[in-house]
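Okay, model-v4.pdb now, which holds PDB, C-alpha atoms:
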ATOM      1  CA  MET A 660      11.712  -4.107  -1.698
ATOM      2  CA  TRP A 661       8.191  -5.068  -2.755
ATOM      3  CA  VAL A 662       5.529  -2.936  -1.065
ATOM      4  CA  LYS A 663       1.828  -3.798  -1.022
ATOM      5  CA  ILE A 664      -0.886  -1.519   0.285
ATOM      6  CA  CYS A 665      -3.808  -3.753   1.210
ATOM      7  CA  GLY A 666      -7.421  -3.189   2.174
ATOM      8  CA  ILE A 667      -8.047  -0.746  -0.671
ATOM      9  CA  THR A 668     -11.718   0.232  -0.783
ATOM     10  CA  ASN A 669     -11.855   3.029  -3.361
ATOM     11  CA  GLU A 670     -10.260   4.252  -6.569
ATOM     12  CA  GLU A 671      -8.703   7.347  -5.029
ATOM     13  CA  ASP A 672      -6.708   5.324  -2.501
ATOM     14  CA  ALA A 673      -5.601   2.835  -5.147
ATOM     15  CA  LEU A 674      -4.265   5.541  -7.471
ATOM     16  CA  MET A 675      -2.713   7.452  -4.578
ATOM     17  CA  SER A 676      -0.927   4.375  -3.233
ATOM     18  CA  VAL A 677       0.560   3.602  -6.624
ATOM     19  CA  ALA A 678       1.617   7.207  -7.183
ATOM     20  CA  LEU A 679       3.372   7.274  -3.818
ATOM     21  CA  GLY A 680       5.400   4.127  -4.425
ATOM     22  CA  ALA A 681       3.354   0.965  -3.895
ATOM     23  CA  ASP A 682       4.176  -1.989  -6.136
ATOM     24  CA  ALA A 683       0.880  -3.704  -5.447
ATOM     25  CA  VAL A 684      -2.570  -2.956  -4.092
ATOM     26  CA  GLY A 685      -4.784  -5.489  -2.359
ATOM     27  CA  PHE A 686      -8.555  -5.901  -2.298
ATOM     28  CA  VAL A 687     -10.274  -7.948   0.398
ATOM     29  CA  PHE A 688     -13.038 -10.304  -0.741
ATOM     30  CA  ALA A 689     -13.248 -12.147   2.575
ATOM     31  CA  PRO A 690     -15.586 -10.947   5.360
ATOM     32  CA  SER A 691     -13.992  -7.759   6.673
ATOM     33  CA  PRO A 692     -14.777  -4.083   7.305
ATOM     34  CA  ARG A 693     -12.733  -3.518   4.126
ATOM     35  CA  GLN A 694     -14.538  -6.097   2.023
ATOM     36  CA  VAL A 695     -15.220  -4.989  -1.551
ATOM     37  CA  THR A 696     -17.329  -6.207  -4.470
ATOM     38  CA  VAL A 697     -16.182  -7.606  -7.783
ATOM     39  CA  GLY A 698     -17.805  -4.787  -9.726
ATOM     40  CA  ALA A 699     -16.238  -2.043  -7.638
ATOM     41  CA  VAL A 700     -12.787  -3.563  -7.950
ATOM     42  CA  ARG A 701     -13.158  -4.016 -11.706
ATOM     43  CA  GLU A 702     -13.767  -0.283 -12.054
ATOM     44  CA  ILE A 703     -10.586   0.395 -10.075
ATOM     45  CA  THR A 704      -8.257  -2.106 -11.747
ATOM     46  CA  ARG A 705      -9.107  -0.922 -15.253
ATOM     47  CA  ARG A 706      -7.794   2.541 -14.322
ATOM     48  CA  LEU A 707      -4.520   1.500 -12.713
ATOM     49  CA  PRO A 708      -1.266   1.955 -14.650
ATOM     50  CA  TYR A 709       0.499  -0.946 -16.302
ATOM     51  CA  GLY A 710       2.909  -2.832 -14.059
ATOM     52  CA  VAL A 711       0.961  -2.447 -10.832
ATOM     53  CA  MET A 712       0.115  -5.798  -9.296
ATOM     54  CA  THR A 713      -3.489  -6.168  -8.175
ATOM     55  CA  VAL A 714      -4.118  -8.795  -5.503
ATOM     56  CA  GLY A 715      -7.358 -10.330  -4.304
ATOM     57  CA  VAL A 716      -7.387 -11.486  -0.688
ATOM     58  CA  PHE A 717      -9.517 -14.555   0.050
ATOM     59  CA  ARG A 718     -10.256 -16.710   3.079
ATOM     60  CA  ASP A 719     -11.690 -20.225   2.934
ATOM     61  CA  GLN A 720     -13.413 -19.754  -0.411
ATOM     62  CA  SER A 721     -13.547 -22.493  -3.015
ATOM     63  CA  PRO A 722     -10.991 -22.456  -5.841
ATOM     64  CA  ASP A 723     -13.788 -21.983  -8.386
ATOM     65  CA  GLN A 724     -15.121 -18.974  -6.511
ATOM     66  CA  VAL A 725     -11.644 -17.466  -6.162
ATOM     67  CA  ILE A 726     -10.866 -17.869  -9.855
ATOM     68  CA  GLU A 727     -14.260 -16.495 -10.902
ATOM     69  CA  THR A 728     -13.682 -13.426  -8.729
ATOM     70  CA  VAL A 729     -10.174 -12.865 -10.078
ATOM     71  CA  LEU A 730     -11.403 -12.974 -13.663
ATOM     72  CA  GLY A 731     -14.404 -10.781 -12.958
ATOM     73  CA  ALA A 732     -12.418  -8.149 -11.068
ATOM     74  CA  GLY A 733      -9.474  -8.087 -13.480
ATOM     75  CA  LEU A 734      -6.882  -9.094 -10.900
ATOM     76  CA  HIS A 735      -3.389 -10.464 -11.381
ATOM     77  CA  ALA A 736      -2.774 -12.329  -8.139
ATOM     78  CA  VAL A 737      -4.420 -14.199  -5.298
ATOM     79  CA  GLN A 738      -3.560 -14.086  -1.603
ATOM     80  CA  LEU A 739      -4.963 -16.963   0.429
ATOM     81  CA  HIS A 740      -5.526 -16.047   4.057
ATOM     82  CA  GLY A 741      -7.492 -18.946   5.476
ATOM     83  CA  HIS A 742      -7.198 -22.702   5.924
ATOM     84  CA  GLU A 743      -6.831 -23.590   2.263
ATOM     85  CA  THR A 744      -5.196 -26.937   1.562
ATOM     86  CA  PRO A 745      -2.177 -27.384  -0.681
ATOM     87  CA  ASN A 746      -4.444 -29.050  -3.247
ATOM     88  CA  GLU A 747      -6.781 -26.048  -3.288
ATOM     89  CA  ALA A 748      -3.844 -23.672  -3.558
ATOM     90  CA  ARG A 749      -2.357 -25.585  -6.467
ATOM     91  CA  ALA A 750      -5.691 -25.545  -8.287
ATOM     92  CA  ILE A 751      -5.786 -21.770  -7.961
ATOM     93  CA  ALA A 752      -2.105 -21.333  -8.873
ATOM     94  CA  GLN A 753      -2.744 -22.945 -12.254
ATOM     95  CA  LYS A 754      -5.278 -20.256 -13.160
ATOM     96  CA  VAL A 755      -3.696 -17.035 -11.874
ATOM     97  CA  GLN A 756      -0.536 -15.111 -12.629
ATOM     98  CA  ALA A 757       0.777 -15.165  -9.076
ATOM     99  CA  LEU A 758      -0.151 -16.804  -5.777
ATOM    100  CA  ILE A 759       0.661 -15.648  -2.252
ATOM    101  CA  VAL A 760      -0.123 -17.916   0.696
ATOM    102  CA  ALA A 761      -0.432 -16.376   4.147
ATOM    103  CA  PHE A 762       0.357 -18.130   7.416
ATOM    104  CA  PRO A 763       0.009 -16.906  11.001
ATOM    105  CA  ALA A 764       3.342 -16.465  12.726
ATOM    106  CA  GLY A 765       4.437 -19.637  14.451
ATOM    107  CA  SER A 766       2.177 -21.917  12.426
ATOM    108  CA  PRO A 767       3.687 -25.363  11.781
ATOM    109  CA  SER A 768       2.090 -25.224   8.311
ATOM    110  CA  VAL A 769       4.863 -22.854   7.244
ATOM    111  CA  GLU A 770       7.121 -25.865   6.919
ATOM    112  CA  ARG A 771       4.807 -27.163   4.162
ATOM    113  CA  PHE A 772       4.945 -23.955   2.134
ATOM    114  CA  ASP A 773       6.513 -25.626  -0.890
ATOM    115  CA  ASP A 774       3.504 -27.970  -1.137
ATOM    116  CA  TYR A 775       1.323 -24.987  -2.055
ATOM    117  CA  GLN A 776       3.341 -24.114  -5.171
ATOM    118  CA  ALA A 777       2.994 -20.428  -4.323
ATOM    119  CA  ASP A 778       5.202 -17.570  -5.485
ATOM    120  CA  ALA A 779       5.517 -15.966  -2.061
ATOM    121  CA  LEU A 780       4.838 -16.658   1.618
ATOM    122  CA  LEU A 781       3.168 -13.974   3.694
ATOM    123  CA  LEU A 782       3.694 -14.078   7.451
ATOM    124  CA  ASP A 783       1.016 -12.327   9.484
ATOM    125  CA  ALA A 784      -0.259 -11.987  13.017
ATOM    126  CA  THR A 785      -2.619 -14.648  14.355
ATOM    127  CA  SER A 786      -5.533 -12.229  13.768
ATOM    128  CA  PRO A 787      -5.093 -10.858  10.218
ATOM    129  CA  GLY A 788      -6.205  -7.263   9.807
ATOM    130  CA  SER A 789      -6.089  -6.606  13.544
ATOM    131  CA  GLY A 790      -3.111  -4.281  13.325
ATOM    132  CA  GLU A 791      -1.298  -6.396  15.889
ATOM    133  CA  VAL A 792       2.483  -6.848  15.759
ATOM    134  CA  PHE A 793       3.688 -10.390  16.340
ATOM    135  CA  ASP A 794       7.016 -11.581  17.718
ATOM    136  CA  TRP A 795       9.289 -11.155  14.700
ATOM    137  CA  SER A 796      11.601 -13.903  15.945
ATOM    138  CA  LEU A 797       8.881 -16.343  14.809
ATOM    139  CA  ALA A 798       9.940 -15.590  11.229
ATOM    140  CA  GLU A 799      13.073 -17.656  11.839
ATOM    141  CA  GLY A 800      11.071 -20.797  11.035
ATOM    142  CA  VAL A 801      10.334 -19.714   7.453
ATOM    143  CA  PRO A 802      12.101 -21.820   4.806
ATOM    144  CA  VAL A 803      15.198 -20.070   3.504
ATOM    145  CA  ASP A 804      15.497 -18.665  -0.008
ATOM    146  CA  ARG A 805      11.767 -17.999  -0.296
ATOM    147  CA  ARG A 806      10.028 -14.744  -1.045
ATOM    148  CA  LEU A 807       8.860 -13.749   2.418
ATOM    149  CA  ILE A 808       6.331 -10.942   2.728
ATOM    150  CA  LEU A 809       6.001  -9.522   6.224
ATOM    151  CA  ALA A 810       2.641  -8.236   7.485
ATOM    152  CA  GLY A 811       0.964  -7.783  10.843
ATOM    153  CA  GLY A 812       0.825  -4.396  12.544
ATOM    154  CA  LEU A 813       3.347  -2.661  10.311
ATOM    155  CA  THR A 814       3.360   1.147  10.333
ATOM    156  CA  PRO A 815       5.667   3.913   9.115
ATOM    157  CA  ALA A 816       7.068   3.998  12.658
ATOM    158  CA  ASN A 817       8.130   0.334  12.855
ATOM    159  CA  VAL A 818       8.624  -0.867   9.276
ATOM    160  CA  ALA A 819      12.351  -0.059   9.208
ATOM    161  CA  GLU A 820      12.974  -2.040  12.401
ATOM    162  CA  ALA A 821      10.843  -4.897  11.087
ATOM    163  CA  ILE A 822      12.847  -5.090   7.872
ATOM    164  CA  ALA A 823      16.171  -4.933   9.684
ATOM    165  CA  THR A 824      15.059  -7.735  12.010
ATOM    166  CA  VAL A 825      13.234 -10.110   9.640
ATOM    167  CA  ARG A 826      14.934  -9.201   6.339
ATOM    168  CA  PRO A 827      11.852  -9.948   4.223
ATOM    169  CA  TRP A 828      11.539  -9.712   0.460
ATOM    170  CA  GLY A 829       8.405  -7.588   0.764
ATOM    171  CA  VAL A 830       6.074  -5.866   3.215
ATOM    172  CA  ASP A 831       2.289  -5.613   3.373
ATOM    173  CA  VAL A 832       0.331  -2.936   5.239
ATOM    174  CA  SER A 833      -3.329  -2.036   5.639
ATOM    175  CA  SER A 834      -4.534  -0.417   8.874
ATOM    176  CA  GLY A 835      -1.071   0.984   9.597
ATOM    177  CA  VAL A 836      -1.460   3.583   6.839
ATOM    178  CA  GLU A 837      -5.084   4.535   7.431
ATOM    179  CA  VAL A 838      -6.663   7.712   8.694
ATOM    180  CA  ALA A 839      -9.937   5.846   9.276
ATOM    181  CA  GLU A 840     -11.099   2.269   8.773
ATOM    182  CA  GLY A 841     -10.732   1.519   5.059
ATOM    183  CA  ILE A 842      -9.440   5.004   4.186
ATOM    184  CA  LYS A 843      -5.726   5.454   3.482
ATOM    185  CA  ASP A 844      -3.659   8.438   4.626
ATOM    186  CA  PRO A 845      -1.343   9.754   1.855
ATOM    187  CA  ARG A 846       1.249  10.954   4.346
ATOM    188  CA  LYS A 847       1.417   7.548   6.006
ATOM    189  CA  VAL A 848       1.547   5.702   2.693
ATOM    190  CA  LEU A 849       4.405   7.891   1.470
ATOM    191  CA  ALA A 850       6.337   7.546   4.735
ATOM    192  CA  PHE A 851       5.809   3.780   4.771
ATOM    193  CA  CYS A 852       7.072   3.282   1.214
ATOM    194  CA  ARG A 853      10.101   5.523   1.720
ATOM    195  CA  ARG A 854      11.149   4.022   5.043
ATOM    196  CA  ALA A 855      10.659   0.469   3.813
ATOM    197  CA  ARG A 856      12.841   0.972   0.774
ATOM    198  CA  SER A 857      15.476   2.858   2.729
ATOM    199  CA  ALA A 858      15.702   0.047   5.296
ATOM    200  CA  PHE A 859      15.815  -2.619   2.598
ATOM    201  CA  ALA A 860      18.600  -0.792   0.746
ATOM    202  CA  ALA A 861      20.781  -1.083   3.842
ATOM    203  CA  LEU A 862      20.492  -4.890   3.828
ATOM    204  CA  GLU A 863      22.621  -7.397   2.017
ATOM    205  CA  ARG A 864      19.965  -9.885   1.019
ATOM    206  CA  PRO A 865      20.202 -11.957  -2.163
ATOM    207  CA  GLU A 866      17.125 -12.390  -4.334
ATOM    208  CA  PRO A 867      15.512 -15.825  -4.035
ATOM    209  CA  ASP A 868      15.851 -18.183  -6.944
ATOM    210  CA  GLY A 869      12.941 -19.061  -9.195
ATOM    211  CA  PRO A 870       9.879 -17.226 -10.470
ATOM    212  CA  GLY A 871       8.235 -14.604  -8.342
ATOM    213  CA  PRO A 872       5.155 -12.379  -8.238
ATOM    214  CA  PHE A 873       6.484  -9.937 -10.809
ATOM    215  CA  ASP A 874       7.678 -12.602 -13.265
ATOM    216  CA  TRP A 875       4.527 -12.567 -15.346
ATOM    217  CA  ASN A 876       3.372 -10.659 -18.374
ATOM    218  CA  GLU A 877      -0.015  -9.316 -19.366
ATOM    219  CA  SER A 878      -0.252 -11.493 -22.454
ATOM    220  CA  SER A 879       0.138 -14.806 -20.599
TER     221      SER A 879
END
In structure tokens, what does this structure look like?
Amino acid sequence: MWVKICGITNEEDALMSVALGADAVGFVFAPSPRQVTVGAVREITRRLPYGVMTVGVFRDQSPDQVIETVLGAGLHAVQLHGHETPNEARAIAQKVQALIVAFPAGSPSVERFDDYQADALLLDATSPGSGEVFDWSLAEGVPVDRRLILAGGLTPANVAEAIATVRPWGVDVSSGVEVAEGIKDPRKVLAFCRRARSAFAALERPEPDGPGPFDWNESS
């Protein structure tokens, strides 16, 4: 089970999330209460341990701007959360180590996921970052044998049920593990990671074929 703690705004929360079991930490560069700067993120990523995936979250920004930000902030991966076209996504995918494309639940664009040449598909609520839970039955339209990351209103209280219902490859949480807007709660982060992995361990779910977000190396 791949666990990402998103909406990181400070070094303490990044290091804490990793220490408590997160595989990845996400930084929001799109307009948001949790929006961060390139310089601030660079100072955080240079202190994170090897093997932790760092993800920049973007919305409707040009490929050139996305790539420039990734290089400046020292990130590994990009998560596109807007109305990016497959052509824009492919341009970004050629320059980064991993690409995640997010779709709102129920979007017909999910059927075109393969056109984006992304490593994983993230399914979210219609209002990303709102903390709202969507109807998990909408995940049934996701192409099979893809790395599905589930987001949208996840918390330590509901992540086990979400995993049992949707059977995703990974989970992504932001507001559901916060004590205040943009500030993570260590107890919630620990509970989320433990309950997610426990629920995933009870599933019989084969790994998707093909390369994925962790199939990169630092020297590439």
(request) Can you pull out every residue within 8 Å of segment 806-808 of chain A, counting all atoms listed in the file, but drop anything in the same chain fewer than 5 positions away, and send it as a PyMOL selection string? (result) chain A and resi 778-782+801+827-831+867+871
(request) Check the smallest atom-to-atom distance from each of A:Trp661, A:Tyr709, A:Phe851, A:Phe762 to Thr785 of chain A using all atoms listed in the file, then report the winner. (result) A:Phe762
(request) Find the distance between atom CA of Glu820 of chain A and atom CA of Ala681 of chain A and write it in Å to one decimal. (result) 19.2 Å
Restrict the calculation to all atoms listed in the file, then for each residue of segment 751-848 of chain A with any atom at most 8 Å from an atom of segment 855-859 of chain A give the closest atom pair and their distance in Å to one decimal, rows by chain and rising residue number, as a tab-separated table.
residue	atom	partner	partner_atom	distance
A:Val818	CA	A:Ala855	CA	6.0
A:Ala819	CA	A:Ala858	CA	5.2
A:Glu820	CA	A:Ala858	CA	7.9
A:Ile822	CA	A:Ala858	CA	6.4
A:Ala823	CA	A:Ala858	CA	6.7
A:Arg826	CA	A:Phe859	CA	7.6
A:Val830	CA	A:Ala855	CA	7.8
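If you measure from each of A:Pro763, A:Gly841, A:Pro692, A:Pro802 to Glu670 of chain A using all atoms listed in the file, the closest one turns out to be A:Gly841.
For the pair atom CA of Lys843 of chain A and atom CA of Val737 of chain A, the interatomic distance is 21.6 Å.
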(message) When you look at segment 672-676 of chain A with a cut-off of 9 Å (counting all atoms listed in the file), what residues show up, excluding the ones that are within fewer than 4 positions of it in the same chain? I need them as a PyMOL selection string.
(response) chain A and resi 663-664+667-668+680-685+703-704+706-708+842-845+848-849
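Distances here use only C-alpha atoms; by that measure, the residue among A:Ala732, A:Val714, A:Val687, A:Leu679 closest to Glu702 of chain A is A:Ala732.
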(message) Show me the residues around (-9.7, -14.4, -1.0) - criterion: an atom at most 12 Å away, all atoms listed in the file counted - as a PyMOL selection string.
(response) chain A and resi 666+685-691+694-697+714-729+734+736-743+748+751+758-761
(request) Excluding Asp773 of chain A and any residue of its chain fewer than 4 positions from it, enumerate the residues within 9 Å of it, using all atoms listed in the file, and give them as a VMD selection string. (result) chain A and resid 745 769 777 802
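If you measure from each of A:Gly765, A:Gly698, A:Gly710, A:Gly811 to Val677 of chain A using all atoms listed in the file, the closest one turns out to be A:Gly710.
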Taking all listed atoms of segment 766-784 of chain A, build the axis-aligned box, pad each of the six sides by 3 Å, then write its centre and edge lengths in Å to one decimal as AutoDock Vina command-line options.
--center_x 3.4 --center_y -20.0 --center_z 3.8 --size_x 13.4 --size_y 22.0 --size_z 24.5
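Residue nearest Arg749 of chain A, chosen from A:Ala678, A:Val662, A:Asp774, A:Ser766 and counting only C-alpha atoms: A:Asp774.
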(request) Considering only C-alpha atoms, return as JSON, numbers by chain whatever protein or nucleic-acid residues lie within 12 Å of Glu791 of chain A, sequence-local ones (same chain, fewer than 3 positions apart) excluded. (result) {"A": [763, 764, 783, 784, 785, 786, 787, 788, 794, 795, 810, 811, 812, 813, 814, 817, 832, 833, 834, 835]}
Could you pull segment 796-848 of chain A out of the structure just shown and give C-alpha atoms as a PDB file, in the first residue's frame?
ATOM      1  CA  SER A 796     -18.889   3.134  -6.377  1.00  0.00           C
ATOM      2  CA  LEU A 797     -17.797   5.689  -9.008  1.00  0.00           C
ATOM      3  CA  ALA A 798     -14.357   4.057  -8.918  1.00  0.00           C
ATOM      4  CA  GLU A 799     -15.830   1.106 -10.810  1.00  0.00           C
ATOM      5  CA  GLY A 800     -15.305   3.021 -14.061  1.00  0.00           C
ATOM      6  CA  VAL A 801     -11.514   3.154 -13.664  1.00  0.00           C
ATOM      7  CA  PRO A 802      -9.617   1.033 -16.206  1.00  0.00           C
ATOM      8  CA  VAL A 803      -8.531  -2.269 -14.700  1.00  0.00           C
ATOM      9  CA  ASP A 804      -4.915  -3.155 -13.964  1.00  0.00           C
ATOM     10  CA  ARG A 805      -3.914   0.467 -13.394  1.00  0.00           C
ATOM     11  CA  ARG A 806      -2.312   1.994 -10.348  1.00  0.00           C
ATOM     12  CA  LEU A 807      -5.301   3.678  -8.742  1.00  0.00           C
ATOM     13  CA  ILE A 808      -4.681   6.163  -5.947  1.00  0.00           C
ATOM     14  CA  LEU A 809      -7.758   7.016  -3.910  1.00  0.00           C
ATOM     15  CA  ALA A 810      -8.205  10.506  -2.442  1.00  0.00           C
ATOM     16  CA  GLY A 811     -11.110  12.687  -1.392  1.00  0.00           C
ATOM     17  CA  GLY A 812     -12.116  13.023   2.249  1.00  0.00           C
ATOM     18  CA  LEU A 813     -10.038  10.140   3.564  1.00  0.00           C
ATOM     19  CA  THR A 814      -9.363  10.050   7.311  1.00  0.00           C
ATOM     20  CA  PRO A 815      -8.046   7.520   9.824  1.00  0.00           C
ATOM     21  CA  ALA A 816     -11.692   6.700  10.573  1.00  0.00           C
ATOM     22  CA  ASN A 817     -12.726   5.761   7.017  1.00  0.00           C
ATOM     23  CA  VAL A 818      -9.554   4.729   5.182  1.00  0.00           C
ATOM     24  CA  ALA A 819      -9.938   1.022   5.995  1.00  0.00           C
ATOM     25  CA  GLU A 820     -13.498   0.959   4.641  1.00  0.00           C
ATOM     26  CA  ALA A 821     -12.405   2.914   1.572  1.00  0.00           C
ATOM     27  CA  ILE A 822      -9.645   0.428   0.808  1.00  0.00           C
ATOM     28  CA  ALA A 823     -11.907  -2.567   1.324  1.00  0.00           C
ATOM     29  CA  THR A 824     -14.497  -1.039  -1.011  1.00  0.00           C
ATOM     30  CA  VAL A 825     -12.341   0.435  -3.797  1.00  0.00           C
ATOM     31  CA  ARG A 826      -9.246  -1.789  -3.497  1.00  0.00           C
ATOM     32  CA  PRO A 827      -6.836   0.931  -4.648  1.00  0.00           C
ATOM     33  CA  TRP A 828      -3.092   0.635  -5.112  1.00  0.00           C
ATOM     34  CA  GLY A 829      -2.494   3.732  -2.995  1.00  0.00           C
ATOM     35  CA  VAL A 830      -4.182   6.386  -0.870  1.00  0.00           C
ATOM     36  CA  ASP A 831      -3.680  10.142  -0.625  1.00  0.00           C
ATOM     37  CA  VAL A 832      -4.685  12.315   2.333  1.00  0.00           C
ATOM     38  CA  SER A 833      -4.319  15.971   3.260  1.00  0.00           C
ATOM     39  CA  SER A 834      -6.967  17.642   5.438  1.00  0.00           C
ATOM     40  CA  GLY A 835      -7.968  14.309   6.978  1.00  0.00           C
ATOM     41  CA  VAL A 836      -4.755  14.197   9.020  1.00  0.00           C
ATOM     42  CA  GLU A 837      -4.572  17.849  10.035  1.00  0.00           C
ATOM     43  CA  VAL A 838      -4.961  19.540  13.376  1.00  0.00           C
ATOM     44  CA  ALA A 839      -5.341  22.905  11.622  1.00  0.00           C
ATOM     45  CA  GLU A 840      -5.322  24.048   8.003  1.00  0.00           C
ATOM     46  CA  GLY A 841      -1.917  23.109   6.585  1.00  0.00           C
ATOM     47  CA  ILE A 842      -0.638  21.620   9.860  1.00  0.00           C
ATOM     48  CA  LYS A 843      -0.470  17.832  10.205  1.00  0.00           C
ATOM     49  CA  ASP A 844      -1.365  15.911  13.366  1.00  0.00           C
ATOM     50  CA  PRO A 845       1.192  13.155  14.168  1.00  0.00           C
ATOM     51  CA  ARG A 846      -1.421  10.969  15.828  1.00  0.00           C
ATOM     52  CA  LYS A 847      -3.682  11.141  12.788  1.00  0.00           C
ATOM     53  CA  VAL A 848      -0.828  10.524  10.364  1.00  0.00           C
TER      54      VAL A 848
END
